[in-house]
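K.L.:
I'd like to ask some things about the structure below.
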Amino acid sequence: MFEQQKVHIEKVDEITVSPLSNKPQEFVRLLPLHEETKHRSIQRRIKPISLDEDKPEGHTRFVCISDTHARHRDLIYNVPDGDVLLHCGDFTNLGKLEEVIDFNDWLATLPHKHKIVIAGNHDLSFDPRLMEDIRKTKREGGYRRFQFLDQISEKYTDDWQSVLSNCTYIQDTELKVNGIRIYGTAWNPWFGGWAFNMKRGQPLLDKWNKIPGDGIDILMTHSPPAGQLDVVQPRSERVGCVELMNTVQLRVQPKYHVFGHIHESYGISTDGCHTFINCTTVNKELAPSNKAVYIDFPTPEGAVEGITDIIQH
């Protein structure tokens, strides 16, 4: 198990937009200078659970991966067994139908009883807004980046779960698995007009406001919060979302926040209260070189086994 978390952070009911929304590096730098926000400045690395370690009795084992980028069949490390597989997006490179089908076929080879998947910014065809824009531009005779995705039938893009038959695909959705509450969402700060991009500040906060603040155990997002495992190289710049960090630490307070997106920041950290896991599978050069990460979560007494209580937000 990870180290016992000891710091208590009082919850708030509402998050407002930070004046430093567009400056995550500055936001993180200034945190220690403000007494009322000092508790949010902690970032301490944690060693992962060994993949050889047995699951404790009475626990559900989650196996966390992300950013396989259509290289799932080239993994250097095998995906270890567990009760539930969590994939935090970018399972394709460009959201092509053949990539999605091959990913689904690969999922069928994995032993996990339950597999929960969210999309990422590279899973282009999963973003309804982007697909609508592509089709509209083509109808009007114009050109839109990624217009090749128009060839994917709407019967698939309107119901990706029918293609991803070997997992439970979620977007802005909560569910329970073995009584443990999970919420998954793919939104990320705008970068290059890829999938699920939103402007920093209120537009992203509107998405984070959908996350329930009454007891989510594991939060799955594609991108990281500002200040935790969000550093890009070579400039050592923080690119996480400020509003997501405030939402996680001050309002939602999940026990675990699992994500990917920033390949060079793979690892596990804590702010003294919450555990953050960047479980990206590939490195900066898109080589699939990182191991999966375990979460051993106590199964609530009397919990219904399996996936239940799916709620779209």
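In the structure tokens, the first chain shown is A, the next is B, and so on; residue numbers restart at 1 for each chain, and ligands run from 1 in the order shown.
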Name all residues at most 9 Å from Asp13 in chain A (count only C-alpha atoms; drop same-chain ones fewer than 4 positions away) and give them as JSON, numbers by chain.
P.N.:
{"A": [213, 250, 251, 252]}
K.L.:
Atoms to include: all heavy atoms. Write the selected residues as a PDB file, in the first residue's frame.
P.N.:
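File produced: selection-v7.pdb:
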```pdb
ATOM      1  N   GLY A 213     -18.806  16.042  -5.698  1.00  0.00           N
ATOM      2  CA  GLY A 213     -17.935  16.377  -4.577  1.00  0.00           C
ATOM      3  C   GLY A 213     -18.300  15.643  -3.308  1.00  0.00           C
ATOM      4  O   GLY A 213     -17.957  16.092  -2.208  1.00  0.00           O
ATOM      5  N   LEU A 250      -9.570  20.828  -3.152  1.00  0.00           N
ATOM      6  CA  LEU A 250     -10.435  21.591  -2.263  1.00  0.00           C
ATOM      7  C   LEU A 250     -11.901  21.179  -2.314  1.00  0.00           C
ATOM      8  O   LEU A 250     -12.617  21.387  -1.335  1.00  0.00           O
ATOM      9  CB  LEU A 250     -10.322  23.086  -2.595  1.00  0.00           C
ATOM     10  CG  LEU A 250      -8.924  23.678  -2.449  1.00  0.00           C
ATOM     11  CD1 LEU A 250      -8.934  25.157  -2.803  1.00  0.00           C
ATOM     12  CD2 LEU A 250      -8.371  23.458  -1.053  1.00  0.00           C
ATOM     13  N   ARG A 251     -12.373  20.625  -3.438  1.00  0.00           N
ATOM     14  CA  ARG A 251     -13.805  20.307  -3.508  1.00  0.00           C
ATOM     15  C   ARG A 251     -14.077  18.806  -3.597  1.00  0.00           C
ATOM     16  O   ARG A 251     -14.839  18.266  -2.799  1.00  0.00           O
ATOM     17  CB  ARG A 251     -14.463  21.014  -4.708  1.00  0.00           C
ATOM     18  CG  ARG A 251     -15.984  20.827  -4.748  1.00  0.00           C
ATOM     19  CD  ARG A 251     -16.629  21.543  -5.910  1.00  0.00           C
ATOM     20  NE  ARG A 251     -16.273  20.996  -7.196  1.00  0.00           N
ATOM     21  CZ  ARG A 251     -16.835  19.908  -7.743  1.00  0.00           C
ATOM     22  NH1 ARG A 251     -17.762  19.228  -7.078  1.00  0.00           N
ATOM     23  NH2 ARG A 251     -16.457  19.489  -8.926  1.00  0.00           N
ATOM     24  N   VAL A 252     -13.459  18.118  -4.532  1.00  0.00           N
ATOM     25  CA  VAL A 252     -13.784  16.695  -4.761  1.00  0.00           C
ATOM     26  C   VAL A 252     -13.031  15.790  -3.788  1.00  0.00           C
ATOM     27  O   VAL A 252     -13.593  14.876  -3.211  1.00  0.00           O
ATOM     28  CB  VAL A 252     -13.476  16.303  -6.217  1.00  0.00           C
ATOM     29  CG1 VAL A 252     -13.731  14.818  -6.444  1.00  0.00           C
ATOM     30  CG2 VAL A 252     -14.334  17.134  -7.176  1.00  0.00           C
TER      31      VAL A 252
END
```
K.L.:
Might you pull out every residue within 10 Å of Ile180 in chain A, with only C-alpha atoms counted and same-chain residues fewer than 2 positions away left off, and present them as a PyMOL selection string?
P.N.:
chain A and resi 60+175-178+182+215-218+297-300+303-308
K.L.:
Where in range 50-271 of chain A does DSSP assign alpha helix (DSSP H), given as a count of residues only?
P.N.:
39
K.L.:
Show me, as a CSV table (one decimal) with N, CA, C and O atoms, in the first residue's frame, the residues that have an atom within 8 Å of Gln228 in chain A when counting only C-alpha atoms, minus same-chain residues fewer than 6 positions from it.
P.N.:
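Final output, saved to out_20.csv:
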```csv
chain,number,residue,atom,x,y,z
A,43,GLN,N,4.7,18.5,-3.0
A,43,GLN,CA,4.8,17.4,-4.0
A,43,GLN,C,5.9,16.4,-3.6
A,43,GLN,O,7.1,16.8,-3.6
A,240,GLY,N,0.0,21.6,-16.2
A,240,GLY,CA,-1.3,21.1,-15.7
A,240,GLY,C,-2.3,22.2,-15.5
A,240,GLY,O,-2.1,23.3,-15.6
A,269,SER,N,2.9,10.7,-6.9
A,269,SER,CA,3.3,11.7,-5.9
A,269,SER,C,2.1,11.9,-4.9
A,269,SER,O,1.0,11.4,-5.1
A,270,THR,N,2.4,12.7,-3.9
A,270,THR,CA,1.3,13.1,-2.9
A,270,THR,C,1.5,14.5,-2.6
A,270,THR,O,2.6,15.1,-2.7
A,276,PHE,N,-1.5,11.1,-6.4
A,276,PHE,CA,-1.6,11.4,-7.8
A,276,PHE,C,-0.8,10.4,-8.6
A,276,PHE,O,0.4,10.1,-8.2
```
K.L.:
Let me make sure I understand: among A:Lys255, A:Phe196, A:Ala119, A:Leu110, which one has the smallest atom-to-atom distance to Asp296 in chain A if we use only C-alpha atoms?
P.N.:
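With only C-alpha atoms as the atom set, the closest residue is A:Lys255.
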K.L.:
Using only C-alpha atoms, which protein or nucleic acid residues come within 9 Å of Ile65 in chain A? Drop anything in the same chain fewer than 5 positions from it, and give the result as a PDB file with C-alpha atoms, in the first residue's frame.
P.N.:
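Done, and the output landed in part_8.pdb:
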```pdb
ATOM      1  CA  VAL A  79       0.202  -5.520 -18.242  1.00  0.00           C
ATOM      2  CA  LEU A  85      -7.847  -2.180 -15.591  1.00  0.00           C
ATOM      3  CA  LEU A  86      -7.956   1.630 -15.772  1.00  0.00           C
ATOM      4  CA  HIS A  87      -6.818   3.284 -19.032  1.00  0.00           C
ATOM      5  CA  CYS A  88      -6.600   7.089 -18.941  1.00  0.00           C
ATOM      6  CA  GLY A  89      -6.747   7.802 -22.665  1.00  0.00           C
ATOM      7  CA  PHE A 259      -4.066  10.484 -15.358  1.00  0.00           C
ATOM      8  CA  GLY A 260      -1.464  10.475 -18.145  1.00  0.00           C
ATOM      9  CA  ASN A 278       0.695   9.654 -13.864  1.00  0.00           C
ATOM     10  CA  CYS A 279       0.524   6.202 -15.426  1.00  0.00           C
ATOM     11  CA  THR A 280       1.542   7.064 -18.989  1.00  0.00           C
ATOM     12  CA  THR A 281       2.907   3.982 -20.717  1.00  0.00           C
ATOM     13  CA  ASN A 290       6.838   2.426 -18.366  1.00  0.00           C
ATOM     14  CA  LYS A 291       5.295  -0.164 -16.066  1.00  0.00           C
ATOM     15  CA  ALA A 292       1.653  -0.234 -15.032  1.00  0.00           C
ATOM     16  CA  VAL A 293       0.844   1.128 -11.558  1.00  0.00           C
TER      17      VAL A 293
END
```
K.L.:
Determine, counting only C-alpha atoms, which protein, DNA and RNA residues have an atom within 12 Å of an atom of Tyr156 in chain A; residues of the same chain fewer than 4 positions away are not included. Present the result as a ChimeraX atom specification.
P.N.:
/A:95-98,100-101,125-126,128,131,149-152,160-165
K.L.:
The selected residues should be written to file as a compact mmCIF listing (two decimals), in the first residue's frame (atoms: N, CA, C and O atoms).
P.N.:
```txt
# COMPACT_ATOMS: atom_id res chain seq x y z
N GLY A 95 -7.23 8.41 -33.56
CA GLY A 95 -8.64 8.07 -33.47
C GLY A 95 -9.19 7.35 -34.68
O GLY A 95 -10.41 7.34 -34.91
N LYS A 96 -8.33 6.70 -35.45
CA LYS A 96 -8.78 5.96 -36.62
C LYS A 96 -9.56 4.72 -36.19
O LYS A 96 -9.25 4.11 -35.15
N LEU A 97 -10.54 4.34 -36.98
CA LEU A 97 -11.38 3.19 -36.63
C LEU A 97 -10.54 1.93 -36.48
O LEU A 97 -10.76 1.15 -35.54
N GLU A 98 -9.58 1.72 -37.36
CA GLU A 98 -8.76 0.51 -37.27
C GLU A 98 -7.92 0.49 -36.00
O GLU A 98 -7.66 -0.58 -35.44
N VAL A 100 -8.92 1.82 -33.10
CA VAL A 100 -9.86 1.52 -32.02
C VAL A 100 -10.18 0.03 -32.02
O VAL A 100 -10.21 -0.62 -30.95
N ILE A 101 -10.41 -0.54 -33.19
CA ILE A 101 -10.73 -1.97 -33.28
C ILE A 101 -9.57 -2.82 -32.77
O ILE A 101 -9.77 -3.79 -32.01
N SER A 125 -11.58 10.97 -32.85
CA SER A 125 -12.94 10.66 -33.30
C SER A 125 -13.91 10.45 -32.14
O SER A 125 -15.12 10.32 -32.36
N PHE A 126 -13.42 10.48 -30.90
CA PHE A 126 -14.29 10.31 -29.73
C PHE A 126 -14.86 11.65 -29.26
O PHE A 126 -15.74 11.66 -28.41
N PRO A 128 -17.23 14.49 -29.91
CA PRO A 128 -18.35 14.82 -30.80
C PRO A 128 -18.26 16.20 -31.42
O PRO A 128 -18.64 16.40 -32.57
N MET A 131 -15.75 16.05 -34.34
CA MET A 131 -16.29 15.31 -35.47
C MET A 131 -17.39 16.10 -36.18
O MET A 131 -17.49 16.09 -37.41
N LEU A 149 -10.95 11.72 -40.88
CA LEU A 149 -11.80 11.00 -39.92
C LEU A 149 -13.26 10.99 -40.33
O LEU A 149 -14.05 10.22 -39.79
N ASP A 150 -13.62 11.82 -41.32
CA ASP A 150 -15.01 11.87 -41.80
C ASP A 150 -15.46 10.52 -42.35
O ASP A 150 -16.66 10.23 -42.39
N GLN A 151 -14.52 9.69 -42.77
CA GLN A 151 -14.87 8.39 -43.34
C GLN A 151 -15.42 7.41 -42.29
O GLN A 151 -16.01 6.39 -42.62
N ILE A 152 -15.26 7.72 -41.00
CA ILE A 152 -15.80 6.85 -39.96
C ILE A 152 -17.30 7.07 -39.87
O ILE A 152 -17.76 8.20 -39.70
N TRP A 160 -19.49 4.66 -29.49
CA TRP A 160 -18.19 3.99 -29.46
C TRP A 160 -18.21 2.76 -28.55
O TRP A 160 -17.39 1.86 -28.71
N GLN A 161 -19.14 2.70 -27.61
CA GLN A 161 -19.20 1.53 -26.73
C GLN A 161 -19.46 0.26 -27.54
O GLN A 161 -19.02 -0.83 -27.16
N SER A 162 -20.16 0.39 -28.67
CA SER A 162 -20.43 -0.79 -29.52
C SER A 162 -19.15 -1.32 -30.16
O SER A 162 -19.06 -2.50 -30.50
N VAL A 163 -18.16 -0.44 -30.34
CA VAL A 163 -16.87 -0.87 -30.89
C VAL A 163 -15.95 -1.34 -29.77
O VAL A 163 -15.28 -2.37 -29.89
N LEU A 164 -15.96 -0.59 -28.67
CA LEU A 164 -15.15 -0.97 -27.51
C LEU A 164 -15.94 -1.94 -26.64
O LEU A 164 -16.28 -1.67 -25.49
N SER A 165 -16.17 -3.09 -27.20
CA SER A 165 -17.03 -4.09 -26.54
C SER A 165 -16.33 -4.82 -25.41
O SER A 165 -16.99 -5.50 -24.61
```
K.L.:
Per DSSP on the backbone, what are the strand (DSSP E or B) residues of range 267-310 of chain A, as an NGL selection string?
P.N.:
:A and (267-270 or 275-278 or 280 or 282 or 288 or 293-298 or 307-310)
K.L.:
With only C-alpha atoms as the counted atoms, please give the residues lying no more than 8 Å from Met198 in chain A, apart from itself and same-chain residues fewer than 5 positions off, as a PyMOL selection string.
P.N.:
chain A and resi 187-190+203-204
K.L.:
Choose the residue, out of A:Asn283, A:Asn197, A:Thr275, A:Thr92, that has the smallest atom-to-atom separation from Asn104 in chain A; count only C-alpha atoms.
P.N.:
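Between A:Asn283, A:Asn197, A:Thr275, A:Thr92, the residue approaching Asn104 in chain A most closely is A:Thr92.
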K.L.:
Can you tell me, as a list in words, what residues are no more than 12 Å from Lys55 in chain A when counting only C-alpha atoms, ignoring any on the same chain fewer than 5 positions away?
P.N.:
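Returned residues: Met1, Ile49, Ser50, Thr60, Arg61, Phe62, Val63, Pro80, Asp81, Gly82, Asp83, Tyr294, Ile295, Asp296, Phe297, Pro298 and Thr299 of chain A.
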K.L.:
Pick from A:Lys136, A:His313, A:Asn246, A:Asp67: nearest to Ile262 in chain A, with only C-alpha atoms counted?
P.N.:
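With only C-alpha atoms as the atom set, the closest residue is A:Asp67.
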